[in-house]
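**Student:** Sharing run.cif, mmCIF, C-alpha atoms:
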```cif
data_final
loop_
_atom_site.label_atom_id
_atom_site.label_comp_id
_atom_site.auth_asym_id
_atom_site.auth_seq_id
_atom_site.Cartn_x
_atom_site.Cartn_y
_atom_site.Cartn_z
CA MET A 87 -31.06 -34.06 -20.69
CA SER A 88 -28.17 -35.53 -22.66
CA ALA A 89 -29.88 -36.46 -25.93
CA LYS A 90 -28.44 -34.70 -28.95
CA PHE A 91 -30.52 -32.59 -31.33
CA SER A 92 -31.32 -34.42 -34.53
CA PHE A 93 -33.03 -32.81 -37.53
CA ARG A 94 -34.90 -35.44 -39.54
CA LEU A 95 -34.65 -33.37 -42.72
CA ASP A 96 -30.83 -33.08 -42.68
CA PRO A 97 -30.52 -35.31 -45.79
CA VAL A 98 -32.96 -33.04 -47.63
CA LEU A 99 -31.05 -29.97 -46.44
CA GLY A 100 -27.80 -31.51 -47.68
CA HIS A 101 -29.40 -32.22 -51.04
CA ARG A 102 -30.63 -28.64 -51.32
CA GLU A 103 -27.17 -27.34 -50.43
CA ARG A 104 -25.68 -29.46 -53.23
CA ILE A 105 -28.29 -28.15 -55.66
CA GLU A 106 -27.48 -24.58 -54.63
CA ARG A 107 -23.74 -25.20 -55.21
CA GLU A 108 -24.53 -26.64 -58.66
CA ARG A 109 -26.70 -23.64 -59.49
CA ALA A 110 -23.93 -21.29 -58.31
CA ALA A 111 -21.47 -23.09 -60.61
CA ASP A 112 -23.96 -22.87 -63.50
CA HIS A 113 -24.38 -19.14 -62.86
CA ALA A 114 -20.60 -18.63 -62.73
CA ARG A 115 -20.18 -20.43 -66.07
CA ALA A 116 -23.01 -18.43 -67.65
CA LEU A 117 -21.49 -15.18 -66.37
CA ALA A 118 -18.05 -16.15 -67.71
CA ASP A 119 -19.63 -16.94 -71.11
CA GLN A 120 -21.43 -13.59 -71.05
CA LEU A 121 -18.24 -11.70 -70.25
CA SER A 122 -16.36 -13.56 -72.97
CA ALA A 123 -19.05 -12.73 -75.54
CA GLN A 124 -18.99 -9.09 -74.40
CA ARG A 125 -15.17 -8.95 -74.79
CA MET A 126 -15.41 -10.35 -78.32
CA HIS A 127 -18.12 -7.80 -79.12
CA ASP A 128 -15.98 -4.98 -77.72
CA GLU A 129 -13.03 -6.14 -79.84
CA ILE A 130 -15.14 -5.98 -83.00
CA VAL A 131 -16.37 -2.50 -82.03
CA GLU A 132 -12.77 -1.40 -81.46
CA LYS A 133 -11.63 -2.81 -84.84
CA ARG A 134 -14.53 -1.10 -86.61
CA ASP A 135 -13.90 2.24 -84.88
CA VAL A 136 -10.17 2.15 -85.62
CA LEU A 137 -10.83 1.28 -89.27
CA ARG A 138 -13.43 4.04 -89.62
CA GLN A 139 -11.07 6.59 -88.07
CA ARG A 140 -8.30 5.46 -90.38
CA LEU A 141 -10.65 5.72 -93.37
CA VAL A 142 -11.63 9.28 -92.40
CA SER A 143 -8.09 10.45 -91.74
CA GLU A 144 -6.36 8.72 -94.70
CA HIS A 145 -9.20 8.67 -97.26
CA ALA A 146 -7.36 10.87 -99.75
CA HIS A 147 -4.29 8.59 -99.75
CA PHE A 148 -6.17 5.35 -100.54
CA ASP A 149 -6.51 4.07 -104.09
CA ALA A 150 -9.88 2.86 -105.38
CA GLU A 151 -9.20 -0.82 -104.61
CA THR A 152 -8.13 -0.05 -101.03
CA LEU A 153 -11.24 2.12 -100.54
CA ARG A 154 -13.49 -0.64 -101.88
CA ALA A 155 -11.83 -3.27 -99.68
CA THR A 156 -12.02 -0.99 -96.62
CA TYR A 157 -15.73 -0.27 -97.12
CA THR A 158 -16.40 -3.97 -97.71
CA HIS A 159 -14.56 -4.85 -94.51
CA LEU A 160 -16.51 -2.17 -92.60
CA ASP A 161 -19.75 -3.72 -93.88
CA TYR A 162 -18.51 -7.12 -92.70
CA LEU A 163 -17.66 -5.69 -89.26
CA ASP A 164 -21.10 -4.09 -89.02
CA ARG A 165 -22.75 -7.46 -89.75
CA ALA A 166 -20.40 -9.16 -87.29
CA LEU A 167 -21.44 -6.60 -84.67
CA VAL A 168 -25.10 -7.44 -85.13
CA ALA A 169 -24.38 -11.16 -84.73
CA SER A 170 -22.07 -10.47 -81.81
CA GLN A 171 -24.70 -8.36 -80.06
CA GLN A 172 -27.21 -11.17 -80.52
CA ARG A 173 -24.74 -13.57 -78.87
CA VAL A 174 -24.22 -11.12 -76.00
CA ASP A 175 -27.98 -10.71 -75.55
CA ALA A 176 -28.45 -14.50 -75.55
CA ARG A 177 -25.69 -14.87 -72.94
CA ILE A 178 -27.26 -12.15 -70.79
CA ALA A 179 -30.59 -13.99 -70.90
CA GLN A 180 -28.84 -17.28 -70.06
CA THR A 181 -27.05 -15.63 -67.12
CA GLU A 182 -30.33 -14.21 -65.85
CA ARG A 183 -32.01 -17.63 -66.03
CA ALA A 184 -29.08 -19.16 -64.15
CA ARG A 185 -29.28 -16.36 -61.55
CA LEU A 186 -32.98 -16.96 -61.03
CA GLN A 187 -32.37 -20.69 -60.59
CA LEU A 188 -29.63 -19.91 -58.07
CA VAL A 189 -31.94 -17.58 -56.14
CA GLY A 190 -34.64 -20.27 -56.11
CA ALA A 191 -32.20 -22.90 -54.87
CA ALA A 192 -30.93 -20.52 -52.17
CA LYS A 193 -34.50 -19.87 -51.03
CA ASP A 194 -35.25 -23.59 -50.88
CA ARG A 195 -32.16 -24.17 -48.76
CA LYS A 196 -32.88 -21.17 -46.54
CA VAL A 197 -36.41 -22.42 -45.81
CA LEU A 198 -35.03 -25.69 -44.48
CA GLU A 199 -32.26 -23.95 -42.54
CA THR A 200 -34.83 -21.69 -40.90
CA LEU A 201 -36.97 -24.71 -40.03
CA LYS A 202 -33.92 -26.47 -38.60
CA ASP A 203 -33.01 -23.40 -36.51
CA ARG A 204 -36.54 -23.13 -35.15
CA ARG A 205 -36.68 -26.82 -34.30
CA ARG A 206 -33.27 -26.58 -32.62
CA GLU A 207 -34.48 -23.62 -30.55
CA ALA A 208 -37.64 -25.52 -29.56
CA TYR A 209 -35.53 -28.58 -28.68
CA GLN A 210 -33.16 -26.47 -26.57
CA LEU A 211 -36.09 -24.83 -24.79
CA ASP A 212 -37.66 -28.23 -24.07
CA ALA A 213 -34.29 -29.53 -22.85
CA ALA A 214 -33.81 -26.50 -20.60
CA LEU A 215 -37.31 -26.94 -19.18
CA ALA A 216 -36.70 -30.65 -18.56
CA ASP A 217 -33.38 -29.83 -16.88
CA GLN A 218 -35.11 -27.23 -14.72
CA ARG A 219 -37.84 -29.71 -13.72
CA GLU A 220 -35.19 -32.28 -12.82
CA LEU A 221 -33.30 -29.71 -10.72
CA ASP A 222 -36.53 -28.67 -9.02
CA ASP A 223 -37.29 -32.32 -8.19
CA GLN A 224 -33.78 -32.85 -6.82
CA ASN A 225 -34.03 -29.70 -4.71
CA ALA A 226 -37.42 -30.77 -3.38
CA ARG A 227 -36.06 -34.20 -2.44
CA LEU A 228 -33.01 -32.65 -0.75
CA PHE A 229 -35.20 -30.25 1.18
CA GLU A 230 -37.48 -33.10 2.25
CA ARG A 231 -34.48 -35.08 3.51
CA ALA A 232 -33.02 -32.10 5.33
CA HIS A 233 -36.36 -31.06 6.84
CA PRO A 234 -38.49 -34.20 7.04
CA PHE A 235 -41.32 -32.86 9.21
CA GLU A 236 -41.64 -29.23 8.13
CA GLY A 237 -44.18 -29.77 5.42
CA LEU A 238 -46.58 -31.94 7.46
CA PRO A 239 -49.77 -30.50 9.00
CA SER A 240 -49.82 -30.32 12.79
#
```
Represent the structure of the file as structure tokens.

**Tutor:**
Amino acid sequence: MSAKFSFRLDPVLGHRERIERERAADHARALADQLSAQRMHDEIVEKRDVLRQRLVSEHAHFDAETLRATYTHLDYLDRALVASQQRVDARIAQTERARLQLVGAAKDRKVLETLKDRRREAYQLDAALADQRELDDQNARLFERAHPFEGLPS
């Protein structure tokens, strides 16, 4: 049998593969945004911690205006941390949504790939059986030509 295997749903499979690639790109962008937001949050934490340590260690050397400005800036950093953490949390949720969409797209593609594999296996089995039947027929004809009277009743 010389016919080639053809999967009727190949265009659908190609479409699902494209969707999966798009979802993977969306997830990568969401993850990059999340990591960027986390870095900015970590920078604010670092600034706040350094300023607090400096305030503790050099408190006696600051004048009243410097102390007031330092405490005001610490309050600002604390508020910035709350806002920054909210951004991080929002990015984490966005990344999770993108991950779930990617998993769904991968499952959709995998279902079609599994169906294609099973249909290919069934096609190959049918082709092998057809080839075997053809060989059996050829062998029977060859035998009949080589031994024309052996199968006849006496």

**Student:** Got a sec: who's within 8 Å of Leu198 of chain A, counting all atoms listed in the file, leaving out chain neighbours fewer than 4 positions off, as a ChimeraX atom specification?

**Tutor:** /A:95,99,194,202

**Student:** Would you mind listing what lies within 10 Å of Gln210 of chain A as a list of chain:residue names, with all atoms listed in the file counted and same-chain residues fewer than 4 positions away left out?

**Tutor:**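 In the requested form, the answer reads A:Met87, A:Lys90, A:Phe91, A:Arg204, A:Arg205, A:Arg206, A:Ala214, A:Leu215, A:Ala216.
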
**Student:** Restricting the calculation to only C-alpha atoms: of A:Ala213, A:Ala116, A:Ala166, A:Val98, which residue gets closest to Ile130 of chain A?

**Tutor:** A:Ala166

**Student:** I'd like the interatomic distance between atom CA of Lys133 of chain A and atom CA of Arg115 of chain A, to a tenth of an Å.

**Tutor:**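 One can read the atom CA of Lys133 of chain A to atom CA of Arg115 of chain A distance as 27.1 Å.
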
**Student:** Using atom CA of His127 of chain A and atom CA of Thr158 of chain A as the two end points, give the distance in Å to one decimal.

**Tutor:**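 Separation of atom CA of His127 of chain A and atom CA of Thr158 of chain A: 19.1 Å.
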
**Student:** Mind pulling up the distance from atom CA of Glu199 of chain A to atom CA of Ala114 of chain A?

**Tutor:**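 About the pair atom CA of Ala114 of chain A and atom CA of Glu199 of chain A: they are 23.9 Å apart.
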
**Student:** Around all the atoms of segment 207-223 of chain A listed in the file, draw an axis-aligned box and extend it by 5 Å on each of the six sides; I want its centre and edge lengths in Å to one decimal, as AutoDock Vina command-line options.

**Tutor:**
```
--center_x -35.5 --center_y -28.0 --center_z -19.4 --size_x 14.7 --size_y 18.7 --size_z 32.4
```

**Student:** Tell me which residues the PyMOL selection byres ((chain A and resi 106) around 10) grabs here, as a VMD selection string.

**Tutor:** chain A and resid 100 to 105 107 to 112 187 to 195

**Student:** Select, from A:Asp119, A:Asp223, A:Glu132, A:Asp149, the residue with the minimum atom-to-atom distance to Gln180 of chain A, counting all atoms listed in the file.

**Tutor:**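 Closest candidate: A:Asp119.
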
**Student:** I need the residue nearest Ser122 of chain A from this list: A:Gln224, A:Glu230, A:Ser170, A:Leu211. Use all atoms listed in the file for the distance.

**Tutor:**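 Closest residue, counting all atoms listed in the file: A:Ser170.
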
**Student:** Near Arg173 of chain A, within 9 Å and counting only C-alpha atoms, which residues show up once chain neighbours fewer than 3 positions away are dropped, as a ChimeraX atom specification?

**Tutor:** /A:120,123-124,127,168-170,176-178

**Student:** Given the file above and the PyMOL selection byres ((chain A and resi 134-143) around 12), which residues are selected, and can you give them as a list in words?

**Tutor:**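 Given this file, the PyMOL selection byres ((chain A and resi 134-143) around 12) evaluates to His127, Asp128, Glu129, Ile130, Val131, Glu132, Lys133, Glu144, His145, Ala146, His147, Phe148, Asp149, Thr152, Leu153, Arg154, Ala155, Thr156, Tyr157, Thr158, His159, Leu160, Asp161, Tyr162, Leu163, Asp164, Arg165, Ala166 and Leu167 of chain A.
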
**Student:** Between A:His113, A:Phe93, A:Glu151, A:Gln172, which has the minimum distance to Ala208 of chain A (counting only C-alpha atoms)?

**Tutor:**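 Once distances to Ala208 of chain A are computed over only C-alpha atoms, the minimum belongs to A:Phe93.
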